Amino acid sequence: EEMDVYNLTTVTQFILIGLSDLPEVRYPLFVGFVIIYQITLLGNGVILLAIVSDRKLQTPMYYLLGNLSLLDILCPSATVPKMLKNLLTEEHSISYIGCALQLYFLVALAGTEVFLLAVMAYDRYVAICFPLRYSLIMTKVRCVQLLFGTWAAGFLNSFVHTMSTFSLSFCKSNRVNQYYCDIPPVVALSCSSTYVAEMLVLVVGGIFGVGAFLITLISYIYIVSTILKIRSAEGKRKAFSTCASHLLVVFLFYGTTIFTYIRPTSSQHSPGRDRLISMLYGVITPMLNPIIYSLRNTEVKGALKKVLCLRICSQKA
């Protein structure tokens with residue numbers, strides 16, 4: 001079943017090459033990923049619960065944070081359950097439709113997160129650079145419009161890439177050099193011209209990705225310059241504390257993305273190492289985001305304490 005499929009005009013399934021072929025590492029990896037996935041679901045779920053249950057957190061900034069937590073639940077859920085099944089059963093196959101759906105949702109959710117981080121940076125820019133006009137600019141209606149735009153752009157962008165990727169012919173091999181279906185490893189299997197698919201990734205992905213990155217970067221250049229103009233040390237500390245968590249999340253997201261996709265390819269990099277780096281990008285980042293926000297944000301910490309207190313009190317009753 002795991003042999004390469006040659007000289008076939010149609011591939012009906014793909015073989016996902018797991019994180020490790022070593023049998024002694026399979027079970028420790030499974031246990032490790034189950035723990036990471038559970039922490040991710042719990043951490044992001046608790047933040048969503050805190051935002052929904054605390055009226056003080058029902059503001060544009062926290063609506064955006066709630067959407068980030070939702071994305072951090074959905075994004076690993078597109079890949080981790082299938083990977084856990086592969087580790088436990090040694091069943092590495094995924095159907096053609098299953099692979100297309102996994103790629104579509106993964107690219108859509110990751111793209112939405114890129115746009116959402118840009119919107120969150122803009123939100124902090126308005127809050128710090130125009131504090132008196134913030135409530136007029138970032139209304140709930142404007143926040144909903146921005147959120148709708150981020151999700152729509154993410155899913156539309158993914159639809160274009162998924163259609164171009166799966167319109168290719170696959171006949172060389174069906175072994176995907178990854179533990180999930182992603183554009184580069186799937187396109188690499190094509191025996192037809194990949195020029196259009198690759199150009200779409202470069203042009204469409206480049207315009208959207210670079211555009212969102214520039215919005216984030218320019219917002220933070222203005223934020224930092226505004227904070228530096230504040231004379232009092234307490235004022236600087238207060239202003240910086242409102243955006244420190246988001247800045248850490250941005251560094252984490254773009255750092256792992258650049259390390260996964262944009263680093264130079266070299267023959268020294270083993271496929272196993274590449275898969276391990278993409279695991280870092282896909283699984284660790286969503287787990288760390290709620291930890292960063294709950295540790296650094298006093299309002300989130302207060303809301304989390306309320307949620308936990310209510311839970312403990314209800315259990316005692």
# chains A, B, ... in the order shown; residues from 1 in each chain; ligands from 1

call {"tool": "residues_around", "arguments": {"residues": "A:Cys181", "least_positions_apart": "3", "cutoff": "9 Å", "atoms": "only C-alpha atoms", "output": "compact mmCIF listing (two decimals) with all heavy atoms, in the first residue's frame"}}
result
# COMPACT_ATOMS: atom_id res chain seq x y z
N PHE A 14 -3.44 9.30 -1.55
CA PHE A 14 -2.06 9.71 -1.29
C PHE A 14 -1.56 8.99 -0.04
O PHE A 14 -2.35 8.61 0.81
CB PHE A 14 -1.97 11.22 -1.09
CG PHE A 14 -2.26 12.02 -2.34
CD1 PHE A 14 -3.52 12.56 -2.55
CD2 PHE A 14 -1.27 12.25 -3.28
CE1 PHE A 14 -3.80 13.30 -3.70
CE2 PHE A 14 -1.54 12.99 -4.43
CZ PHE A 14 -2.81 13.51 -4.63
N LEU A 16 0.66 9.66 3.21
CA LEU A 16 1.30 10.70 4.01
C LEU A 16 2.48 10.09 4.76
O LEU A 16 2.30 9.15 5.54
CB LEU A 16 0.29 11.28 5.01
CG LEU A 16 -0.94 11.98 4.43
CD1 LEU A 16 -1.95 12.27 5.52
CD2 LEU A 16 -0.54 13.27 3.71
N THR A 79 -5.21 18.91 10.86
CA THR A 79 -4.10 17.99 10.60
C THR A 79 -3.82 16.99 11.72
O THR A 79 -3.49 15.84 11.46
CB THR A 79 -2.79 18.77 10.35
OG1 THR A 79 -2.51 19.59 11.50
CG2 THR A 79 -2.88 19.64 9.11
N CYS A 99 -7.50 14.58 0.94
CA CYS A 99 -6.29 15.39 0.81
C CYS A 99 -6.64 16.81 0.35
O CYS A 99 -6.13 17.79 0.90
CB CYS A 99 -5.32 14.73 -0.17
SG CYS A 99 -3.71 15.54 -0.29
N ALA A 100 -7.54 16.90 -0.65
CA ALA A 100 -7.96 18.21 -1.17
C ALA A 100 -8.66 19.03 -0.09
O ALA A 100 -8.39 20.23 0.06
CB ALA A 100 -8.88 18.02 -2.37
N LEU A 101 -9.53 18.38 0.69
CA LEU A 101 -10.25 19.08 1.77
C LEU A 101 -9.30 19.53 2.88
O LEU A 101 -9.42 20.64 3.39
CB LEU A 101 -11.36 18.17 2.35
CG LEU A 101 -12.61 17.99 1.50
CD1 LEU A 101 -13.50 16.90 2.07
CD2 LEU A 101 -13.39 19.31 1.38
N GLN A 102 -8.36 18.64 3.23
CA GLN A 102 -7.38 18.98 4.27
C GLN A 102 -6.54 20.18 3.85
O GLN A 102 -6.35 21.12 4.63
CB GLN A 102 -6.47 17.78 4.58
CG GLN A 102 -5.62 18.01 5.82
CD GLN A 102 -4.67 16.86 6.10
OE1 GLN A 102 -3.83 16.52 5.27
NE2 GLN A 102 -4.79 16.27 7.27
N LEU A 103 -6.08 20.17 2.60
CA LEU A 103 -5.28 21.27 2.07
C LEU A 103 -6.11 22.56 2.05
O LEU A 103 -5.62 23.63 2.46
CB LEU A 103 -4.76 20.94 0.68
CG LEU A 103 -3.80 21.95 0.03
CD1 LEU A 103 -2.72 21.23 -0.77
CD2 LEU A 103 -4.52 22.93 -0.88
N LEU A 106 -6.70 23.84 5.69
CA LEU A 106 -5.43 24.26 6.30
C LEU A 106 -4.96 25.60 5.74
O LEU A 106 -4.62 26.51 6.49
CB LEU A 106 -4.36 23.19 6.07
CG LEU A 106 -3.02 23.44 6.76
CD1 LEU A 106 -3.13 23.33 8.27
CD2 LEU A 106 -1.96 22.47 6.26
N VAL A 176 3.28 11.77 -0.27
CA VAL A 176 3.37 13.18 0.13
C VAL A 176 4.44 13.31 1.21
O VAL A 176 4.32 12.69 2.28
CB VAL A 176 2.01 13.72 0.66
CG1 VAL A 176 2.12 15.16 1.12
CG2 VAL A 176 0.94 13.58 -0.42
N ASN A 177 5.47 14.10 0.93
CA ASN A 177 6.61 14.24 1.86
C ASN A 177 6.25 15.19 3.01
O ASN A 177 6.87 16.23 3.21
CB ASN A 177 7.84 14.74 1.09
CG ASN A 177 9.08 14.75 1.95
OD1 ASN A 177 9.16 14.04 2.95
ND2 ASN A 177 10.03 15.59 1.60
N GLN A 178 5.21 14.80 3.76
CA GLN A 178 4.72 15.61 4.87
C GLN A 178 3.73 14.76 5.65
O GLN A 178 3.28 13.73 5.16
CB GLN A 178 4.05 16.88 4.29
CG GLN A 178 3.72 17.97 5.27
CD GLN A 178 4.86 18.35 6.18
OE1 GLN A 178 5.05 17.69 7.20
NE2 GLN A 178 5.60 19.38 5.84
N PRO A 184 3.15 22.83 -1.35
CA PRO A 184 4.45 22.43 -1.94
C PRO A 184 4.65 20.92 -2.10
O PRO A 184 5.00 20.48 -3.20
CB PRO A 184 5.48 23.04 -0.97
CG PRO A 184 4.77 24.15 -0.31
CD PRO A 184 3.34 23.71 -0.19
N PRO A 185 4.39 20.07 -1.06
CA PRO A 185 4.61 18.64 -1.26
C PRO A 185 3.64 17.98 -2.24
O PRO A 185 4.01 17.00 -2.90
CB PRO A 185 4.46 18.03 0.14
CG PRO A 185 3.71 19.02 0.93
CD PRO A 185 4.02 20.35 0.34
N VAL A 186 2.40 18.50 -2.36
CA VAL A 186 1.42 17.92 -3.31
C VAL A 186 1.78 18.33 -4.73
O VAL A 186 1.78 17.49 -5.64
CB VAL A 186 -0.03 18.32 -2.94
CG1 VAL A 186 -1.01 17.88 -4.03
CG2 VAL A 186 -0.44 17.71 -1.60

call {"tool": "residues_around", "arguments": {"residues": "A:Val46", "least_positions_apart": "4", "cutoff": "12 Å", "atoms": "only C-alpha atoms", "output": "list of chain:residue names"}}
result
A:Gln38, A:Ile39, A:Thr40, A:Leu41, A:Leu42, A:Ala50, A:Ile51, A:Val52, A:Ser53, A:Asp54, A:Gly66, A:Ser69, A:Leu70, A:Ile73, A:Pro290, A:Ile291, A:Tyr293, A:Ser294, A:Val300, A:Lys301, A:Ala303, A:Leu304, A:Lys305, A:Lys306, A:Val307, A:Leu308, A:Arg311

call {"tool": "write_last_selection", "arguments": {"atoms": "N, CA and C atoms", "output": "CSV table (one decimal), in the first residue's frame"}}
result
chain,number,residue,atom,x,y,z
A,38,GLN,N,-4.4,18.6,23.4
A,38,GLN,CA,-5.3,18.8,24.5
A,38,GLN,C,-5.1,20.2,25.1
A,39,ILE,N,-3.9,20.6,25.3
A,39,ILE,CA,-3.5,21.9,25.9
A,39,ILE,C,-4.0,23.0,25.0
A,40,THR,N,-3.8,22.8,23.7
A,40,THR,CA,-4.3,23.8,22.6
A,40,THR,C,-5.8,24.0,22.7
A,41,LEU,N,-6.5,22.9,22.7
A,41,LEU,CA,-8.0,22.9,22.8
A,41,LEU,C,-8.5,23.6,24.1
A,42,LEU,N,-7.9,23.2,25.2
A,42,LEU,CA,-8.3,23.7,26.5
A,42,LEU,C,-7.9,25.1,26.6
A,50,ALA,N,-14.0,32.8,28.4
A,50,ALA,CA,-13.8,34.0,29.2
A,50,ALA,C,-14.3,35.2,28.4
A,51,ILE,N,-14.1,35.3,27.1
A,51,ILE,CA,-14.6,36.4,26.3
A,51,ILE,C,-16.1,36.5,26.2
A,52,VAL,N,-16.7,35.3,26.1
A,52,VAL,CA,-18.1,35.2,25.9
A,52,VAL,C,-18.8,35.5,27.3
A,53,SER,N,-18.2,35.0,28.4
A,53,SER,CA,-18.9,35.2,29.7
A,53,SER,C,-18.6,36.5,30.4
A,54,ASP,N,-17.6,37.2,30.1
A,54,ASP,CA,-17.2,38.5,30.8
A,54,ASP,C,-17.6,39.6,29.9
A,66,GLY,N,-10.8,36.5,20.3
A,66,GLY,CA,-11.6,35.3,20.3
A,66,GLY,C,-11.6,34.6,19.0
A,69,SER,N,-8.3,32.7,18.9
A,69,SER,CA,-8.4,31.5,19.6
A,69,SER,C,-9.2,30.4,18.8
A,70,LEU,N,-10.3,30.8,18.1
A,70,LEU,CA,-11.1,29.9,17.3
A,70,LEU,C,-10.2,29.3,16.2
A,73,ILE,N,-7.9,26.7,17.4
A,73,ILE,CA,-8.5,25.4,17.7
A,73,ILE,C,-8.7,24.7,16.3
A,290,PRO,N,-2.6,31.1,23.6
A,290,PRO,CA,-3.4,31.4,24.8
A,290,PRO,C,-2.5,31.6,26.0
A,291,ILE,N,-1.4,30.9,26.1
A,291,ILE,CA,-0.5,31.0,27.3
A,291,ILE,C,0.1,32.5,27.3
A,293,TYR,N,-1.2,35.2,25.9
A,293,TYR,CA,-2.3,36.2,26.2
A,293,TYR,C,-2.7,36.1,27.7
A,294,SER,N,-2.8,34.9,28.3
A,294,SER,CA,-3.3,34.8,29.7
A,294,SER,C,-2.2,35.2,30.6
A,300,VAL,N,-7.6,39.5,30.7
A,300,VAL,CA,-7.8,38.1,30.4
A,300,VAL,C,-7.6,37.2,31.7
A,301,LYS,N,-6.5,37.6,32.4
A,301,LYS,CA,-6.2,36.8,33.6
A,301,LYS,C,-7.4,36.9,34.6
A,303,ALA,N,-10.6,37.6,33.9
A,303,ALA,CA,-11.7,36.8,33.4
A,303,ALA,C,-11.6,35.3,33.5
A,304,LEU,N,-10.3,34.8,33.3
A,304,LEU,CA,-10.0,33.4,33.5
A,304,LEU,C,-10.2,33.0,34.9
A,305,LYS,N,-9.8,33.8,35.9
A,305,LYS,CA,-10.0,33.5,37.3
A,305,LYS,C,-11.5,33.4,37.7
A,306,LYS,N,-12.3,34.4,37.1
A,306,LYS,CA,-13.8,34.3,37.3
A,306,LYS,C,-14.4,33.0,36.8
A,307,VAL,N,-14.0,32.6,35.5
A,307,VAL,CA,-14.5,31.4,34.9
A,307,VAL,C,-14.1,30.2,35.8
A,308,LEU,N,-12.9,30.1,36.2
A,308,LEU,CA,-12.4,29.0,37.1
A,308,LEU,C,-13.1,29.0,38.4
A,311,ARG,N,-16.6,27.8,38.0
A,311,ARG,CA,-16.6,26.3,37.8
A,311,ARG,C,-16.4,25.6,39.1

call {"tool": "select_by_dssp", "arguments": {"residues": "stretch 191-276 of chain A", "states": "helix (DSSP H, G or I)", "output": "ChimeraX atom specification"}}
result
/A:195-229,233-241,244-262,271-276

call {"tool": "residues_around", "arguments": {"residues": "A:Ser164", "least_positions_apart": "5", "cutoff": "12 Å", "atoms": "only C-alpha atoms", "output": "count of residues only"}}
result
22

call {"tool": "closest_residue", "arguments": {"among": "A:Ser77, A:Gln145, A:Asn297, A:Thr12", "to": "A:Ile36", "atoms": "only C-alpha atoms"}}
result
A:Ser77

call {"tool": "closest_residue", "arguments": {"among": "A:Ala110, A:Thr139, A:Ile35, A:Phe213", "to": "A:Phe155", "atoms": "only C-alpha atoms"}}
result
A:Ala110

call {"tool": "closest_residue", "arguments": {"among": "A:Ala153, A:Leu29, A:Leu189, A:Ile284", "to": "A:Phe208", "atoms": "only C-alpha atoms"}}
result
A:Ala153

call {"tool": "closest_residue", "arguments": {"among": "A:Thr242, A:Asn174, A:Thr112, A:Thr285", "to": "A:Tyr37", "atoms": "only C-alpha atoms"}}
result
A:Thr285

call {"tool": "closest_residue", "arguments": {"among": "A:Tyr179, A:Glu299, A:Val203, A:Ala239", "to": "A:His92", "atoms": "only C-alpha atoms"}}
result
A:Tyr179

call {"tool": "closest_atom_pairs", "arguments": {"of": "stretch 189-267 of chain A", "to": "stretch 125-131 of chain A", "cutoff": "9 Å", "atoms": "only C-alpha atoms", "output": "tab-separated table"}}
result
residue	atom	partner	partner_atom	distance
A:Ser219	CA	A:Tyr125	CA	5.5
A:Tyr220	CA	A:Tyr125	CA	7.0
A:Tyr222	CA	A:Tyr125	CA	7.0
A:Ile223	CA	A:Tyr125	CA	5.6
A:Thr226	CA	A:Cys129	CA	6.3
A:Ile227	CA	A:Ile128	CA	7.8
A:Ala239	CA	A:Ile128	CA	6.7
A:Phe240	CA	A:Ile128	CA	8.9
A:Thr242	CA	A:Ile128	CA	8.4
A:Cys243	CA	A:Ile128	CA	8.8

call {"tool": "atom_distance", "arguments": {"atom1": "atom CA of A:Leu217", "atom2": "atom CA of A:Thr256"}}
result
16.6 Å

call {"tool": "closest_residue", "arguments": {"among": "A:Ser135, A:Thr162, A:Asn86, A:Thr10", "to": "A:Phe105", "atoms": "only C-alpha atoms"}}
result
A:Thr162

call {"tool": "atom_distance", "arguments": {"atom1": "atom CA of A:Pro286", "atom2": "atom CA of A:Asp72"}}
result
4.7 Å

call {"tool": "atom_distance", "arguments": {"atom1": "atom CA of A:Cys171", "atom2": "atom CA of A:Arg275"}}
result
23.3 Å
